[in-house]
Amino acid sequence: MSQHAPVLTRRGVLRVAAAVTATGALAACGKTDDQATGGVVEVELWHGQVDTGKAAIDALINEFNRTHPGIRVNGGGGGVTADSMLQKVTAGLAAGSYPDIAYIFGSDLASLTRSPKIADLSGALHLDDYWPAARDSVTVKGKIRAAPALLDSLCLVYNKKLFAAAGLPAPKPGWTWDDFISTAKALTNPAKGVFGTGWPGVGDEDTVWRLWPMIWDLGGDVASSDGKKVAFDQVGAQALRTLERLRTDKSLYVDPKPGSEQLYQVFLGGRMGMVATGPWQLPDIADKGLEYGVVPLPSYSGKPVTISGPDTWTVFDNGKAKVKAATEFVNWLIQPQQDIKWDVEGGSLPLSKATAATPAWTKHATETNGLKVFVDALDSARVRPTITGYPKISQFLGEAIVSVLLGKKSPDDAIKQAVDQANAVLAVPN
């Protein structure tokens, strides 16, 4: 929660909420352009990108159109940002007017695939060389239902100056959550308004996705293998007790507003020692001139584990010619030659190991302090399951996390309520 890196929305530089103006968007519905008869197949793309992300995707669209004369991709964007894409697309599906391709957050894909208008790309995309997180994020019930669009991972960024001021050694890979708690306490300085670390406190997905690596590390999961009940009932309270210890130590800044902007501003202002974040935050940190380091997340087991919040290019069925053309475009887009441009200019991590091995990525990673740590973390990164019940599970767990962060409930009581609520949802077939 990608969800991420540099200019989409929802995640700092990667995800900047801003208005996108649709320029010359063509209606996708009702068209039956047929490439076989010599016509050009028009493909409408709603991408939701802004600023440098928009510039990057626009350049790639222009390159594709130049080299594929039988297809014309129109990237007007649908007049919507990535954050509100699901709402826009859902309304379009209901009205019978939807794009050929849309930028869909990975956590929304499963719910969207309940519509018969979402194309099945199984057999059309070959993702063997792609990071497991990228593959898993587009696979629903064993079928590939989209192309991976953006890849990220969650690691820990720390302020070297605050560590030095507190006389603390830099954190190292393999550190534990107990190490993290004691370090956060030592970094905290109420007289100077300095917090050890922070956590979003509104109960949204940004609040929740940071807890999943802790639950996975403890042997739990989001849901059982049959999807009929949650699988964090035995370990969820232990993960929440870690947050409770940070709260009672008064070393935790709880951001009361959506978007985590205040949390990151505290860190960027030099008043927070450590923050769990993704590669999308590195440009802002570098721009502020902060001396920083990046390490993997702490763990309970000593084994590395993190989360990735990938996003997708989802193809919609507006007829065979359009599906074929749209699939050709997204397949072209995720190849290393194009992926590297999107990664460097648009802010993603490499979608595949082939892209990560290119000289261009190696140069970019060398020039960006800490970026390699985020890429290395992809080896242990997992994704939230592509199940339709996930949004409700997230809602209930988010409420439980906030209740602990605010000291309103004990970890055991908070988890019990979330488990009972989520199990009631999963018990209903969908």
# chains A, B, ... in the order shown; residues from 1 in each chain; ligands from 1
>>> closest_atom_pairs(of="segment 284-372 of chain A", to="segment 68-85 of chain A", cutoff="9 Å", atoms="only C-alpha atoms", output="tab-separated table")
residue	atom	partner	partner_atom	distance
A:Ala325	CA	A:Ile71	CA	6.5
A:Ala326	CA	A:Val73	CA	8.2
A:Phe329	CA	A:Val73	CA	8.0
>>> residues_around(residues="segment 194-196 of chain A", least_positions_apart="3", cutoff="6 Å", atoms="only C-alpha atoms", output="PyMOL selection string")
chain A and resi 184+187-190+251+271-273
>>> atom_distance(atom1="atom CA of Arg247 of chain A", atom2="atom CA of Pro173 of chain A")
24.2 Å
>>> closest_residue(among="A:Gln49, A:Ser403, A:Thr368, A:Thr386", to="Lys141 of chain A", atoms="only C-alpha atoms")
A:Thr386
>>> residues_around(residues="Val402 of chain A", least_positions_apart="4", cutoff="7 Å", atoms="only C-alpha atoms", output="number ranges by chain")
A: 201-203, 398, 406
>>> residues_around(residues="Ser111 of chain A", least_positions_apart="5", cutoff="9 Å", atoms="only C-alpha atoms", output="ChimeraX atom specification")
/A:386-391
>>> closest_atom_pairs(of="segment 48-126 of chain A", to="segment 145-158 of chain A", cutoff="12 Å", atoms="only C-alpha atoms", output="JSON lines")
{"residue": "A:Gln49", "atom": "CA", "partner": "A:Leu150", "partner_atom": "CA", "distance": 11.8}
{"residue": "A:Gly53", "atom": "CA", "partner": "A:Leu150", "partner_atom": "CA", "distance": 11.1}
{"residue": "A:Ile57", "atom": "CA", "partner": "A:Ala149", "partner_atom": "CA", "distance": 11.0}
{"residue": "A:Asp100", "atom": "CA", "partner": "A:Ala146", "partner_atom": "CA", "distance": 11.9}
{"residue": "A:Ile101", "atom": "CA", "partner": "A:Ala146", "partner_atom": "CA", "distance": 9.5}
{"residue": "A:Ala102", "atom": "CA", "partner": "A:Ala146", "partner_atom": "CA", "distance": 9.8}
{"residue": "A:Tyr103", "atom": "CA", "partner": "A:Ala149", "partner_atom": "CA", "distance": 7.6}
{"residue": "A:Ile104", "atom": "CA", "partner": "A:Ala149", "partner_atom": "CA", "distance": 8.7}
{"residue": "A:Phe105", "atom": "CA", "partner": "A:Ala149", "partner_atom": "CA", "distance": 9.1}
{"residue": "A:Gly106", "atom": "CA", "partner": "A:Pro148", "partner_atom": "CA", "distance": 8.6}
{"residue": "A:Asp108", "atom": "CA", "partner": "A:Ala146", "partner_atom": "CA", "distance": 11.6}
{"residue": "A:Leu109", "atom": "CA", "partner": "A:Arg145", "partner_atom": "CA", "distance": 8.0}
{"residue": "A:Ala110", "atom": "CA", "partner": "A:Arg145", "partner_atom": "CA", "distance": 8.7}
{"residue": "A:Ser111", "atom": "CA", "partner": "A:Arg145", "partner_atom": "CA", "distance": 11.5}
{"residue": "A:Leu112", "atom": "CA", "partner": "A:Arg145", "partner_atom": "CA", "distance": 9.8}
{"residue": "A:Thr113", "atom": "CA", "partner": "A:Arg145", "partner_atom": "CA", "distance": 7.4}
{"residue": "A:Arg114", "atom": "CA", "partner": "A:Arg145", "partner_atom": "CA", "distance": 10.9}
{"residue": "A:Ser115", "atom": "CA", "partner": "A:Arg145", "partner_atom": "CA", "distance": 11.4}
{"residue": "A:Pro116", "atom": "CA", "partner": "A:Arg145", "partner_atom": "CA", "distance": 11.2}
{"residue": "A:Lys117", "atom": "CA", "partner": "A:Arg145", "partner_atom": "CA", "distance": 11.0}
{"residue": "A:Ile118", "atom": "CA", "partner": "A:Arg145", "partner_atom": "CA", "distance": 7.3}
{"residue": "A:Ala119", "atom": "CA", "partner": "A:Arg145", "partner_atom": "CA", "distance": 6.4}
{"residue": "A:Asp120", "atom": "CA", "partner": "A:Arg145", "partner_atom": "CA", "distance": 5.0}
{"residue": "A:Leu121", "atom": "CA", "partner": "A:Arg145", "partner_atom": "CA", "distance": 5.5}
{"residue": "A:Ser122", "atom": "CA", "partner": "A:Arg145", "partner_atom": "CA", "distance": 7.1}
{"residue": "A:Gly123", "atom": "CA", "partner": "A:Arg145", "partner_atom": "CA", "distance": 10.6}
{"residue": "A:Ala124", "atom": "CA", "partner": "A:Ala147", "partner_atom": "CA", "distance": 9.9}
{"residue": "A:Leu125", "atom": "CA", "partner": "A:Ala147", "partner_atom": "CA", "distance": 7.6}
{"residue": "A:His126", "atom": "CA", "partner": "A:Ala147", "partner_atom": "CA", "distance": 9.8}
>>> select_by_dssp(residues="segment 273-338 of chain A", states="strand (DSSP E or B)", output="ChimeraX atom specification")
/A:274-277,292-295,299,306-307,311-316
>>> atom_distance(atom1="atom CA of Lys409 of chain A", atom2="atom CA of Glu244 of chain A")
9.9 Å
>>> closest_residue(among="A:His364, A:Trp342, A:Pro385, A:Val404", to="Ala56 of chain A", atoms="only C-alpha atoms")
A:Trp342
>>> closest_residue(among="A:Asn62, A:Asn318, A:Glu261, A:Trp280", to="Glu345 of chain A", atoms="only C-alpha atoms")
A:Trp280
